[in-house]
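Novice: Sharing start38.txt below, compact mmCIF, C-alpha atoms:
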# COMPACT_ATOMS: atom_id res chain seq x y z
CA MET A 1 14.14 -47.77 21.29
CA ASP A 2 11.79 -44.76 21.37
CA ARG A 3 13.33 -41.48 20.25
CA PRO A 4 12.60 -38.39 22.37
CA PRO A 5 9.89 -36.14 20.89
CA PRO A 6 11.24 -33.40 18.60
CA THR A 7 12.08 -30.13 20.31
CA GLU A 8 10.39 -26.89 19.35
CA GLU A 9 13.58 -25.75 17.61
CA THR A 10 13.50 -28.93 15.54
CA LEU A 11 9.87 -28.36 14.59
CA ILE A 12 10.70 -24.84 13.46
CA ALA A 13 13.76 -26.00 11.54
CA LEU A 14 11.59 -28.62 9.81
CA ALA A 15 8.99 -26.00 8.88
CA ALA A 16 11.71 -23.69 7.57
CA GLY A 17 13.18 -26.50 5.47
CA GLU A 18 16.48 -26.44 7.30
CA LEU A 19 16.82 -30.12 8.18
CA SER A 20 18.67 -32.61 6.04
CA PRO A 21 16.43 -35.05 4.16
CA GLU A 22 17.28 -37.81 6.62
CA GLU A 23 16.62 -35.63 9.69
CA GLY A 24 13.42 -34.38 8.11
CA ARG A 25 12.21 -37.90 7.43
CA LEU A 26 12.81 -38.95 11.04
CA VAL A 27 11.00 -35.89 12.43
CA GLU A 28 8.09 -36.34 10.02
CA MET A 29 7.84 -39.91 11.22
CA ALA A 30 7.74 -38.76 14.83
CA LEU A 31 4.99 -36.29 13.94
CA THR A 32 2.70 -39.09 12.78
CA ARG A 33 2.47 -40.04 16.47
CA ASP A 34 2.04 -36.47 17.69
CA PRO A 35 -0.84 -34.64 15.95
CA ALA A 36 -0.44 -31.51 18.10
CA ALA A 37 3.19 -31.11 17.05
CA ALA A 38 2.23 -31.87 13.45
CA ALA A 39 -0.37 -29.10 13.58
CA ARG A 40 2.25 -26.68 14.89
CA VAL A 41 4.62 -27.54 12.06
CA ALA A 42 1.78 -27.02 9.58
CA LEU A 43 1.06 -23.61 11.05
CA PHE A 44 4.74 -22.60 11.04
CA ARG A 45 5.01 -23.77 7.41
CA GLN A 46 1.95 -21.81 6.36
CA ALA A 47 3.19 -18.69 8.13
CA ILE A 48 6.69 -18.94 6.64
CA GLU A 49 5.36 -19.70 3.17
CA SER A 50 2.91 -16.81 3.44
CA LEU A 51 5.80 -14.46 4.10
CA ARG A 52 7.70 -15.56 1.04
CA THR A 53 6.89 -13.42 -1.92
CA ASP A 54 8.73 -12.37 -5.00
CA ASP A 55 9.95 -8.80 -5.13
CA ALA A 56 7.87 -8.43 -8.29
CA GLU A 57 4.74 -8.84 -6.18
CA ARG A 58 5.47 -5.76 -4.10
CA PRO A 59 4.43 -2.36 -5.39
CA ALA A 60 7.12 0.28 -5.76
CA ILE A 61 7.14 2.97 -3.07
CA GLU A 62 6.44 5.55 -5.79
CA ALA A 63 3.35 3.63 -6.94
CA LEU A 64 2.11 3.44 -3.38
CA ALA A 65 2.63 7.17 -2.88
CA ARG A 66 0.83 7.87 -6.14
CA VAL A 67 -2.26 5.93 -5.04
CA GLN A 68 -2.17 7.65 -1.66
CA GLY A 69 -1.97 10.98 -3.45
CA VAL A 70 -4.92 10.15 -5.68
CA ILE A 71 -7.08 9.20 -2.72
CA ARG A 72 -6.01 12.29 -0.81
CA SER A 73 -6.92 14.46 -3.75
CA MET A 74 -10.38 12.88 -3.71
CA LEU A 75 -10.88 13.29 0.00
CA ARG A 76 -11.76 16.94 0.10
CA PRO A 77 -12.87 17.94 -3.36
CA VAL A 78 -13.74 21.49 -2.45
CA ARG A 79 -14.87 23.34 -5.56
CA SER A 80 -14.21 26.97 -6.30
CA ASP A 81 -17.83 27.88 -5.63
CA ASP A 82 -17.78 26.31 -2.17
CA THR A 83 -17.11 29.52 -0.37
CA ALA A 84 -17.90 28.16 3.08
CA ALA A 85 -14.56 26.40 3.29
CA ALA A 86 -12.71 28.54 0.81
CA ASN A 87 -11.22 31.24 2.97
CA TRP A 88 -9.45 29.56 5.86
CA TRP A 89 -6.28 31.43 5.00
CA GLU A 90 -7.83 34.87 5.30
CA GLY A 91 -5.98 36.99 7.78
CA LEU A 92 -3.22 34.43 8.17
CA LEU A 93 -1.22 34.95 5.02
CA GLU A 94 2.08 36.40 6.01
CA VAL A 95 5.02 34.70 4.37
CA ALA A 96 5.83 34.16 0.75
CA ALA A 97 8.26 31.49 -0.38
CA THR A 98 10.58 32.47 -3.20
CA LEU A 99 11.66 30.48 -6.21
CA PHE A 100 15.30 29.41 -6.22
CA PHE A 101 15.30 26.65 -8.82
CA ASP A 102 13.36 26.17 -12.04
CA SER A 103 14.41 23.25 -14.25
CA ARG A 104 13.16 25.11 -17.30
CA SER A 105 15.60 27.96 -16.79
CA ALA A 106 18.47 25.87 -15.44
CA PRO A 107 18.70 22.83 -17.71
CA ALA A 108 22.37 22.25 -17.15
CA LEU A 109 22.13 21.64 -13.42
CA ALA A 110 22.32 18.28 -11.71
CA SER A 111 24.35 16.50 -14.37
CA GLY A 112 22.01 17.56 -17.11
CA LEU A 113 19.10 15.43 -15.96
CA ARG A 114 17.02 18.18 -14.51
CA GLY A 115 15.40 20.25 -17.14
CA THR A 116 15.50 17.58 -19.82
CA SER A 117 12.43 15.61 -18.77
CA ALA A 118 8.84 16.57 -19.47
CA THR A 119 8.38 17.19 -15.78
CA ARG A 120 9.08 20.76 -14.77
CA GLU A 121 10.76 20.95 -11.40
CA LEU A 122 10.53 23.96 -9.14
CA SER A 123 11.98 24.58 -5.72
CA TYR A 124 10.98 27.34 -3.35
CA ARG A 125 12.38 28.49 -0.04
CA GLY A 126 10.70 30.45 2.68
CA ASP A 127 11.20 31.09 6.36
CA GLY A 128 11.94 27.61 7.71
CA ILE A 129 10.37 25.84 4.77
CA GLU A 130 11.38 24.26 1.48
CA VAL A 131 8.91 23.31 -1.23
CA ASP A 132 9.80 21.04 -4.14
CA LEU A 133 7.27 20.76 -6.93
CA GLY A 134 7.09 18.66 -10.08
CA ILE A 135 4.58 19.48 -12.79
CA GLU A 136 4.02 16.61 -15.17
CA PRO A 137 2.02 17.71 -18.20
CA GLN A 138 -0.79 16.03 -20.07
CA VAL A 139 -1.96 13.37 -17.63
CA SER A 140 -5.46 12.21 -18.46
CA ASP A 141 -8.07 12.46 -15.77
CA GLU A 142 -8.81 8.78 -16.26
CA HIS A 143 -5.25 7.85 -15.40
CA LEU A 144 -5.27 9.98 -12.29
CA SER A 145 -8.59 9.13 -10.81
CA ALA A 146 -9.58 5.94 -12.60
CA SER A 147 -12.99 7.50 -12.72
CA GLY A 148 -13.42 8.17 -16.41
CA GLY A 149 -14.67 11.71 -16.27
CA ASP A 150 -14.31 14.25 -19.02
CA ARG A 151 -10.87 13.04 -20.15
CA GLU A 152 -9.71 16.67 -20.14
CA PRO A 153 -5.91 16.65 -20.23
CA ARG A 154 -4.53 17.71 -16.90
CA ALA A 155 -1.17 18.16 -15.36
CA ARG A 156 -0.11 16.25 -12.31
CA LEU A 157 1.33 18.34 -9.55
CA VAL A 158 3.50 16.39 -7.14
CA GLY A 159 4.99 18.24 -4.22
CA GLN A 160 7.00 17.74 -1.08
CA ILE A 161 7.08 20.29 1.67
CA SER A 162 9.90 20.17 4.20
CA VAL A 163 9.61 22.32 7.29
CA HIS A 164 12.43 22.85 9.76
CA VAL A 165 10.11 22.83 12.76
CA GLY A 166 6.72 21.19 13.25
CA THR A 167 4.55 19.80 10.48
CA VAL A 168 2.40 21.13 7.68
CA ASP A 169 -1.26 21.09 8.65
CA ARG A 170 -2.85 21.42 5.24
CA ILE A 171 -2.43 23.05 1.91
CA ALA A 172 -4.71 24.82 -0.52
CA ILE A 173 -4.51 25.44 -4.22
CA THR A 174 -6.18 28.67 -5.24
CA ARG A 175 -6.72 30.51 -8.47
CA GLY A 176 -7.34 34.12 -9.44
CA THR A 177 -7.68 37.34 -7.51
CA PRO A 178 -9.46 37.34 -5.16
CA ARG A 179 -8.37 33.80 -4.46
CA ARG A 180 -10.81 31.04 -5.26
CA LEU A 181 -10.16 27.62 -3.70
CA VAL A 182 -9.53 24.83 -6.20
CA ALA A 183 -8.47 22.07 -3.81
CA GLU A 184 -7.56 21.60 -0.20
CA LEU A 185 -5.66 18.61 1.15
CA GLU A 186 -3.32 17.32 3.80
CA PRO A 187 0.16 16.20 2.79
CA ASP A 188 1.25 12.82 4.08
CA SER A 189 3.66 12.32 6.97
CA ARG A 190 6.62 13.03 4.63
CA GLY A 191 5.05 16.22 3.41
CA VAL A 192 4.17 14.71 0.03
CA PHE A 193 1.01 15.56 -1.85
CA MET A 194 -0.31 15.12 -5.36
CA LEU A 195 -3.24 16.36 -7.35
CA ALA A 196 -4.46 16.90 -10.89
CA LEU A 197 -4.83 20.41 -12.22
CA GLU A 198 -6.10 21.91 -15.41
CA ARG A 199 -3.98 24.46 -17.22
CA GLY A 200 -3.78 27.77 -15.44
CA ARG A 201 -1.99 29.91 -12.92
CA TYR A 202 -2.31 28.90 -9.30
CA ASP A 203 -1.15 29.84 -5.85
CA LEU A 204 -0.16 27.20 -3.34
CA LEU A 205 -0.97 28.09 0.27
CA ILE A 206 0.65 26.13 3.07
CA ALA A 207 -0.81 26.24 6.57
CA GLN A 208 1.63 25.59 9.38
CA GLY A 209 0.55 26.36 12.89
CA ASP A 210 -0.78 29.90 12.97
CA ARG A 211 0.85 31.04 9.73
CA VAL A 212 0.22 30.50 6.06
CA LEU A 213 2.98 30.58 3.47
CA ALA A 214 2.28 31.30 -0.17
CA VAL A 215 3.95 29.96 -3.27
CA GLU A 216 2.53 32.29 -5.84
CA GLY A 217 2.21 32.28 -9.60
CA LEU A 218 2.49 28.57 -10.30
CA GLU A 219 2.03 28.12 -14.05
CA VAL A 220 0.52 24.77 -15.01
CA GLU A 221 0.66 24.09 -18.75
CA MET B 1 -6.64 -11.45 10.75
CA THR B 2 -5.98 -11.74 14.48
CA ALA B 3 -8.56 -10.56 17.03
CA THR B 4 -6.59 -7.44 17.91
CA GLU B 5 -5.61 -6.83 14.32
CA GLY B 6 -9.25 -7.28 13.40
CA ASP B 7 -10.25 -4.56 15.85
CA HIS B 8 -7.55 -2.34 14.45
CA VAL B 9 -8.77 -2.86 10.89
CA VAL B 10 -12.37 -2.10 11.86
CA GLU B 11 -11.23 1.12 13.53
CA LEU B 12 -9.00 1.96 10.57
CA LEU B 13 -11.90 1.56 8.15
CA ARG B 14 -14.12 3.69 10.35
CA ARG B 15 -11.53 6.48 10.19
CA CYS B 16 -11.32 6.07 6.42
CA VAL B 17 -15.08 6.30 6.06
CA VAL B 18 -15.12 9.63 7.86
CA GLY B 19 -12.45 10.89 5.48
CA GLU B 20 -9.30 10.89 7.59
CA ALA B 21 -6.37 11.26 5.19
CA ARG B 22 -3.81 9.53 7.37
CA ALA B 23 -6.14 6.56 7.83
CA TRP B 24 -6.35 6.23 4.05
CA ASP B 25 -2.56 6.32 3.80
CA GLU B 26 -2.36 3.52 6.35
CA PHE B 27 -5.14 1.53 4.71
CA ILE B 28 -3.45 1.73 1.31
CA ALA B 29 -0.03 0.87 2.76
CA ARG B 30 -1.54 -2.04 4.73
CA TYR B 31 -3.27 -3.66 1.76
CA SER B 32 -1.17 -2.54 -1.22
CA ARG B 33 0.88 -5.71 -1.36
CA LEU B 34 -2.23 -7.89 -1.31
CA VAL B 35 -3.91 -5.90 -4.08
CA TYR B 36 -0.84 -5.39 -6.26
CA SER B 37 0.26 -9.02 -6.06
CA ILE B 38 -2.94 -10.30 -7.67
CA PRO B 39 -2.56 -8.78 -11.15
CA ARG B 40 1.15 -9.59 -11.02
CA ARG B 41 0.32 -13.26 -10.43
CA TYR B 42 -2.07 -13.14 -13.36
CA GLY B 43 0.79 -11.98 -15.58
CA LEU B 44 0.04 -8.26 -15.83
CA SER B 45 3.00 -5.90 -16.14
CA ALA B 46 4.16 -3.76 -13.22
CA SER B 47 2.62 -0.69 -14.84
CA ASP B 48 -0.74 -2.37 -15.48
CA SER B 49 -0.69 -3.80 -11.97
CA GLU B 50 -0.21 -0.29 -10.61
CA ASP B 51 -3.28 0.78 -12.59
CA VAL B 52 -5.23 -2.13 -11.10
CA MET B 53 -4.06 -1.20 -7.62
CA GLN B 54 -5.13 2.40 -8.11
CA ALA B 55 -8.52 1.43 -9.51
CA VAL B 56 -9.15 -0.96 -6.61
CA PHE B 57 -8.39 1.66 -3.98
CA VAL B 58 -10.47 4.25 -5.79
CA ALA B 59 -13.33 1.72 -5.84
CA ALA B 60 -12.76 1.11 -2.13
CA PHE B 61 -12.87 4.85 -1.55
CA ARG B 62 -16.28 4.97 -3.17
CA SER B 63 -17.67 1.82 -1.57
CA LEU B 64 -16.14 1.59 1.88
CA ALA B 65 -19.12 3.09 3.67
CA ARG B 66 -21.38 0.44 2.14
CA ILE B 67 -19.30 -2.56 3.16
CA ASP B 68 -21.35 -4.41 5.78
CA ASP B 69 -18.58 -6.41 7.39
CA PRO B 70 -15.27 -4.54 7.67
CA SER B 71 -13.51 -7.71 8.82
CA ARG B 72 -14.02 -9.05 5.28
CA ILE B 73 -12.20 -6.15 3.65
CA ALA B 74 -9.38 -8.41 2.41
CA SER B 75 -11.90 -10.57 0.54
CA TRP B 76 -13.50 -7.47 -0.92
CA LEU B 77 -10.15 -6.17 -2.14
CA ILE B 78 -9.20 -9.57 -3.59
CA THR B 79 -12.44 -9.83 -5.53
CA SER B 80 -12.13 -6.25 -6.72
CA ALA B 81 -8.50 -6.80 -7.81
CA HIS B 82 -9.53 -9.98 -9.64
CA ARG B 83 -12.20 -8.18 -11.65
CA GLU B 84 -10.05 -5.16 -12.34
CA SER B 85 -7.19 -7.42 -13.48
CA TRP B 86 -9.54 -8.95 -16.02
CA ARG B 87 -10.65 -5.50 -17.20
CA VAL B 88 -7.09 -4.22 -17.63
CA GLY B 89 -5.73 -7.54 -18.94
CA ARG B 90 -8.26 -7.93 -21.71
CA GLU B 91 -7.18 -4.55 -23.11
CA ARG B 92 -3.74 -6.06 -23.65
CA ARG B 93 -4.44 -8.23 -26.62
CA ALA B 94 -1.38 -10.45 -26.34
CA LEU B 95 -2.18 -11.14 -22.72
CA ALA B 96 -5.92 -11.54 -23.17
CA ASP B 97 -5.36 -14.11 -25.92
CA SER B 98 -3.11 -16.25 -23.77
CA THR B 99 -4.61 -19.39 -22.32
CA GLU B 100 -2.62 -18.90 -19.15
CA PHE B 101 -4.22 -15.53 -18.48
CA SER B 102 -7.74 -16.66 -19.35
CA ALA B 103 -7.40 -19.66 -17.07
CA HIS B 104 -7.47 -17.35 -14.06
CA PHE B 105 -10.89 -16.06 -15.05
CA ALA B 106 -13.05 -19.15 -15.28
CA ASP B 107 -15.25 -17.16 -12.90
CA LEU B 108 -15.05 -13.49 -13.76
CA GLY B 109 -16.87 -12.53 -10.59
CA SER B 110 -14.32 -13.86 -8.14
CA PRO B 111 -11.03 -15.73 -8.09
CA PRO B 112 -10.81 -19.45 -7.31
CA THR B 113 -11.49 -20.20 -3.65
CA GLU B 114 -8.05 -21.73 -3.28
CA SER B 115 -6.36 -18.54 -4.48
CA THR B 116 -8.52 -16.37 -2.24
CA GLU B 117 -7.68 -18.53 0.77
CA THR B 118 -3.96 -18.33 0.02
CA TRP B 119 -4.03 -14.57 -0.39
CA GLU B 120 -6.13 -14.06 2.71
CA ARG B 121 -3.73 -16.26 4.64
CA GLN B 122 -0.80 -14.17 3.45
CA ASP B 123 -2.66 -11.06 4.43
CA ARG B 124 -3.37 -12.42 7.90
CA VAL B 125 0.26 -13.30 8.46
CA ASP B 126 1.19 -9.83 7.27
CA GLY B 127 -1.26 -8.31 9.72
CA ALA B 128 -0.11 -10.50 12.62
CA LEU B 129 3.50 -9.61 11.92
CA ALA B 130 2.64 -5.93 11.87
CA GLU B 131 0.95 -6.45 15.23
CA LEU B 132 4.08 -8.14 16.60
CA GLY B 133 6.16 -5.25 15.38
CA GLY B 134 9.68 -4.46 16.59
CA THR B 135 12.52 -6.93 16.36
CA CYS B 136 10.25 -9.89 15.73
CA GLU B 137 8.64 -8.34 12.68
CA GLU B 138 11.98 -7.20 11.31
CA LEU B 139 13.67 -10.52 11.92
CA LEU B 140 10.92 -12.72 10.48
CA ARG B 141 10.50 -10.54 7.43
CA SER B 142 14.28 -10.49 6.92
CA LEU B 143 14.46 -14.27 7.22
CA TYR B 144 11.48 -15.26 5.14
CA SER B 145 10.12 -12.48 2.97
CA ARG B 146 12.32 -13.52 0.08
CA ARG B 147 12.73 -16.91 -1.44
CA GLY B 148 15.99 -18.75 -1.03
CA GLU B 149 18.43 -19.15 1.82
CA PRO B 150 18.48 -16.25 4.28
CA ASP B 151 21.80 -14.41 4.53
CA TYR B 152 22.40 -14.64 8.27
CA GLN B 153 25.51 -12.46 8.20
CA ALA B 154 23.66 -9.66 6.44
CA ILE B 155 20.65 -9.96 8.75
CA SER B 156 22.97 -9.95 11.76
CA ALA B 157 24.65 -6.77 10.55
CA ARG B 158 21.41 -5.03 9.66
CA LEU B 159 19.59 -5.84 12.90
CA GLY B 160 22.65 -5.52 15.14
CA MET B 161 22.06 -9.04 16.40
CA PRO B 162 24.81 -11.67 16.80
CA VAL B 163 24.40 -14.53 14.34
CA GLY B 164 24.19 -16.93 17.28
CA SER B 165 21.13 -15.09 18.64
CA ILE B 166 19.15 -15.30 15.42
CA GLY B 167 17.99 -18.90 15.95
CA PRO B 168 16.70 -18.49 19.53
CA THR B 169 15.15 -15.10 18.72
CA ARG B 170 13.46 -16.56 15.66
CA ALA B 171 12.00 -19.36 17.81
CA ARG B 172 10.61 -16.86 20.32
CA CYS B 173 9.17 -14.71 17.57
CA LEU B 174 7.55 -17.61 15.75
CA LYS B 175 5.94 -18.71 19.02
CA LYS B 176 4.49 -15.22 19.49
CA LEU B 177 3.29 -15.25 15.91
CA GLU B 178 1.80 -18.69 16.45
CA ARG B 179 -0.15 -17.43 19.47
CA LEU B 180 -1.60 -14.54 17.48
CA LEU B 181 -2.50 -16.72 14.55
CA VAL B 182 -4.04 -19.48 16.66
CA ALA B 183 -6.10 -16.90 18.56
CA ALA B 184 -7.46 -15.76 15.22
CA GLY B 185 -8.30 -19.28 14.11
CA PHE B 186 -5.57 -19.30 11.50
CA GLY B 187 -5.48 -22.65 9.71
CA ALA B 188 -8.72 -23.75 11.31
CA ASP B 189 -10.79 -21.90 8.74
CA SER B 190 -8.99 -23.02 5.62
CA GLU B 191 -11.59 -25.69 4.95
CA GLU B 192 -14.63 -23.67 5.87
CA ARG B 193 -14.34 -20.13 4.66
CA PRO B 194 -16.89 -17.50 5.63
CA VAL B 195 -19.00 -16.36 2.74
CA MET B 196 -19.28 -12.67 1.98
CA SER B 197 -22.72 -11.21 2.12
CA GLY B 198 -24.08 -9.74 -1.08
CA GLY B 199 -23.55 -6.24 0.26
CA ASP B 200 -19.87 -6.92 0.76
CA ARG B 201 -19.19 -7.90 -2.80
CA PRO B 202 -17.61 -5.30 -5.03
CA ALA B 203 -20.07 -4.01 -7.54
CA GLY B 204 -19.56 -4.35 -11.24
CA GLY B 205 -17.02 -6.79 -12.50
CA SER B 206 -17.00 -8.58 -15.77
Can you turn what I pasted into structure tokens?
Specialist:
Amino acid sequence: MDRPPPTEETLIALAAGELSPEEGRLVEMALTRDPAAAARVALFRQAIESLRTDDAERPAIEALARVQGVIRSMLRPVRSDDTAAANWWEGLLEVAATLFFDSRSAPALASGLRGTSATRELSYRGDGIEVDLGIEPQVSDEHLSASGGDREPRARLVGQISVHVGTVDRIAITRGTPRRLVAELEPDSRGVFMLALERGRYDLLIAQGDRVLAVEGLEVE
Amino acid sequence: MTATEGDHVVELLRRCVVGEARAWDEFIARYSRLVYSIPRRYGLSASDSEDVMQAVFVAAFRSLARIDDPSRIASWLITSAHRESWRVGRERRALADSTEFSAHFADLGSPPTESTETWERQDRVDGALAELGGTCEELLRSLYSRRGEPDYQAISARLGMPVGSIGPTRARCLKKLERLLVAAGFGADSEERPVMSGGDRPAGGS
């Protein structure tokens, strides 16, 4: 007696490997008489198998953010002598954020972890804004940009800017007085940014709407 | 990739080429699994694989404007990851000396066709799922993105979906996925794979 053709649910269960060996054998047999259904099972199998990956084959969120930061830092490599774009903050600077945590001067905080690593952590607060910075010393340019370059040791500055209202439009890193622009970039949707800096003293300028906030006197060693 | 997903990728790459930061974030997020998984499958450590991933995206940053056919970006990234895996792997003496590692690089210029097809297929399914979005994407990824038996109770709790609804919802979602994949010729091209033009091949290599 002819068996009814397999239902769609049965085809999917077969593709997902959910049928018993005996059920599977019977459905496979039915598929030899139904090439269209066999093709559907093949497609479902390929799709399901394509989805299955080991966790080890997924990059860590931090690694992903690092690559995004590297590319962002390459997007607008404005140099200090590029004066055309170097003074977008002029006339806007109005608010300074103040330091309220420095891991170097508060090593005992946060169960002793902060302050003990090579990364210096700094937190600033301003009007409606919080800025967390990590300065990781001695990162080679090659590691940061994969571009070779002069191999001059640099620090990696990783930051996250949290604003109570709205979003951060862009940020600038400047040096000296009067300010010379070293880099200008947009943080990602979480306010995260990253860039490589040589040793020196910098100011971080944060543009939000029609105001610019300054985090001044950032020592990079 | 599906037709609509293909259009999206072309538009995404156009935005990257003009230097839009958020487009680059999306591009990297979209293809990071594809790129990172290749050195991992060749036996590179997580740290070395991260270096490969970074180098590939930096290379893409420099070359994207010169890629003739944006719809072949997955192939470009695969070939680039293959070559970069060789470069990083051979610096690890223990790895470079292993027969298993070397076996992946019979052709230093590009990975075996079979591997490329598998990875492109995975990438297409990833793209189609992203296009489905919503409950379907969440459910199918929850059910199948890890090996082994799915934990229906946990999936039910996480998605707020009764266990009894998972089966019928899965069937509906797989049918939608099937439609997207069929429209894109998924499966039909596994025997005859388009060949990249010379201009689309990553420069450098071995």
Novice: Just give me the gap between atom CA of Ser49 of chain B and atom CA of Glu57 of chain A in Å, one decimal is fine.
Specialist: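 Atom CA of Ser49 of chain B sits 9.4 Å away from atom CA of Glu57 of chain A.
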Novice: Can you measure atom CA of Asp127 of chain A to atom CA of Arg201 of chain A for me? One decimal in Å is fine.
Specialist: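 Going from atom CA of Asp127 of chain A over to atom CA of Arg201 of chain A covers 23.4 Å.
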Novice: So that I can check the surroundings of segment 154-168 of chain A, please list as a list in words every protein, DNA and RNA residue that reaches within 6 Å of it, counting all atoms listed in the file and ignoring chain neighbours fewer than 3 positions away.
Specialist: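 These residues fall inside the cut-off: Gly128, Ile129, Glu130, Val131, Asp132, Leu133, Gly134, Ile135, Glu136, Pro137, Gln138, Val139, Ser140, Gly191, Val192, Phe193, Met194, Leu195, Ala196, Leu197, Glu198 and Gln208 of chain A.
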Novice: Per residue of chain B within 8 Å of chain A, which atom pair is closest and at what distance in Å (one decimal), using all atoms listed in the file, listed by chain and increasing number, as CSV?
Specialist:
residue,atom,partner,partner_atom,distance
B:Gly19,CA,A:Leu75,CA,6.2
B:Ala21,CA,A:Arg72,CA,6.1
B:Arg22,CA,A:Asp188,CA,6.9
B:Trp24,CA,A:Gln68,CA,7.2
B:Asp25,CA,A:Gln68,CA,5.6
B:Ile28,CA,A:Gln68,CA,6.7
B:Ala29,CA,A:Leu64,CA,7.0
B:Ser32,CA,A:Pro59,CA,7.0
B:Arg33,CA,A:Arg58,CA,5.3
B:Tyr36,CA,A:Pro59,CA,6.1
B:Ser37,CA,A:Glu57,CA,4.5
B:Ile38,CA,A:Glu57,CA,8.0
B:Arg40,CA,A:Glu57,CA,6.1
B:Arg41,CA,A:Glu57,CA,7.6
B:Ala46,CA,A:Ala56,CA,7.7
B:Glu50,CA,A:Ala63,CA,6.4
B:Asp51,CA,A:His143,CA,7.9
B:Met53,CA,A:Val67,CA,7.8
B:Gln54,CA,A:Val67,CA,5.5
B:Ala55,CA,A:Ala146,CA,5.6
B:Phe57,CA,A:Val67,CA,7.5
B:Val58,CA,A:Ile71,CA,6.7
B:Phe61,CA,A:Ile71,CA,7.3
B:Thr118,CA,A:Ser50,CA,7.8
B:Arg121,CA,A:Ser50,CA,6.8
B:Gln122,CA,A:Ser50,CA,4.6
B:Val125,CA,A:Ala47,CA,6.1
B:Asp126,CA,A:Leu51,CA,7.3
B:Arg141,CA,A:Leu51,CA,7.0
B:Tyr144,CA,A:Arg52,CA,5.6
B:Ser145,CA,A:Arg52,CA,4.4
B:Arg146,CA,A:Arg52,CA,5.1
B:Arg147,CA,A:Arg52,CA,5.8
B:Ala171,CA,A:Glu9,CA,6.6
B:Leu174,CA,A:Phe44,CA,7.4
B:Glu178,CA,A:Phe44,CA,7.3
B:Phe186,CA,A:Leu43,CA,7.9
B:Gly187,CA,A:Leu43,CA,6.7
Novice: What is the atom CA of Arg179 of chain B-atom CA of Leu129 of chain B distance in Å, reported with one decimal?
Specialist: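 We find that atom CA of Arg179 of chain B and atom CA of Leu129 of chain B lie 11.5 Å from each other.
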Novice: Mind listing as a tab-separated table (two decimals) with C-alpha atoms, in the frame of the given file all residues within 9 Å of (-12.1, -7.5, -12.0), counting all atoms listed in the file?
Specialist:
chain	number	residue	atom	x	y	z
B	52	VAL	CA	-5.23	-2.13	-11.10
B	56	VAL	CA	-9.15	-0.96	-6.61
B	79	THR	CA	-12.44	-9.83	-5.53
B	80	SER	CA	-12.13	-6.25	-6.72
B	81	ALA	CA	-8.50	-6.80	-7.81
B	82	HIS	CA	-9.53	-9.98	-9.64
B	83	ARG	CA	-12.20	-8.18	-11.65
B	84	GLU	CA	-10.05	-5.16	-12.34
B	85	SER	CA	-7.19	-7.42	-13.48
B	86	TRP	CA	-9.54	-8.95	-16.02
B	87	ARG	CA	-10.65	-5.50	-17.20
B	88	VAL	CA	-7.09	-4.22	-17.63
B	108	LEU	CA	-15.05	-13.49	-13.76
B	109	GLY	CA	-16.87	-12.53	-10.59
B	110	SER	CA	-14.32	-13.86	-8.14
B	204	GLY	CA	-19.56	-4.35	-11.24
B	205	GLY	CA	-17.02	-6.79	-12.50
B	206	SER	CA	-17.00	-8.58	-15.77
Novice: Mind listing as a VMD selection string all residues within 9 Å of (15.9, -9.4, 14.7), counting all atoms listed in the file?
Specialist: chain B and resid 134 to 140 142 155 to 156 158 to 161 165 to 166 169 to 170
Novice: Just add N, CA, C and O atoms to segment 130-136 of chain B and send it as a PDB file, in the frame of the given file.
Specialist:
ATOM      1  N   ALA B 130       2.692  -7.372  11.593  1.00  0.00           N
ATOM      2  CA  ALA B 130       2.640  -5.930  11.870  1.00  0.00           C
ATOM      3  C   ALA B 130       2.252  -5.711  13.332  1.00  0.00           C
ATOM      4  O   ALA B 130       2.735  -4.791  13.989  1.00  0.00           O
ATOM      5  N   GLU B 131       1.375  -6.566  13.833  1.00  0.00           N
ATOM      6  CA  GLU B 131       0.950  -6.450  15.230  1.00  0.00           C
ATOM      7  C   GLU B 131       2.104  -6.800  16.175  1.00  0.00           C
ATOM      8  O   GLU B 131       2.275  -6.162  17.212  1.00  0.00           O
ATOM      9  N   LEU B 132       2.896  -7.808  15.791  1.00  0.00           N
ATOM     10  CA  LEU B 132       4.080  -8.140  16.600  1.00  0.00           C
ATOM     11  C   LEU B 132       5.037  -6.961  16.653  1.00  0.00           C
ATOM     12  O   LEU B 132       5.525  -6.590  17.708  1.00  0.00           O
ATOM     13  N   GLY B 133       5.302  -6.427  15.463  1.00  0.00           N
ATOM     14  CA  GLY B 133       6.160  -5.250  15.380  1.00  0.00           C
ATOM     15  C   GLY B 133       7.581  -5.501  15.869  1.00  0.00           C
ATOM     16  O   GLY B 133       7.975  -6.633  16.154  1.00  0.00           O
ATOM     17  N   GLY B 134       8.342  -4.438  15.991  1.00  0.00           N
ATOM     18  CA  GLY B 134       9.680  -4.460  16.590  1.00  0.00           C
ATOM     19  C   GLY B 134      10.627  -5.457  15.967  1.00  0.00           C
ATOM     20  O   GLY B 134      10.580  -5.750  14.770  1.00  0.00           O
ATOM     21  N   THR B 135      11.475  -6.011  16.820  1.00  0.00           N
ATOM     22  CA  THR B 135      12.520  -6.930  16.360  1.00  0.00           C
ATOM     23  C   THR B 135      11.930  -8.155  15.693  1.00  0.00           C
ATOM     24  O   THR B 135      12.441  -8.651  14.688  1.00  0.00           O
ATOM     25  N   CYS B 136      10.829  -8.659  16.281  1.00  0.00           N
ATOM     26  CA  CYS B 136      10.250  -9.890  15.730  1.00  0.00           C
ATOM     27  C   CYS B 136       9.805  -9.682  14.291  1.00  0.00           C
ATOM     28  O   CYS B 136      10.072 -10.517  13.420  1.00  0.00           O
TER      29      CYS B 136
END
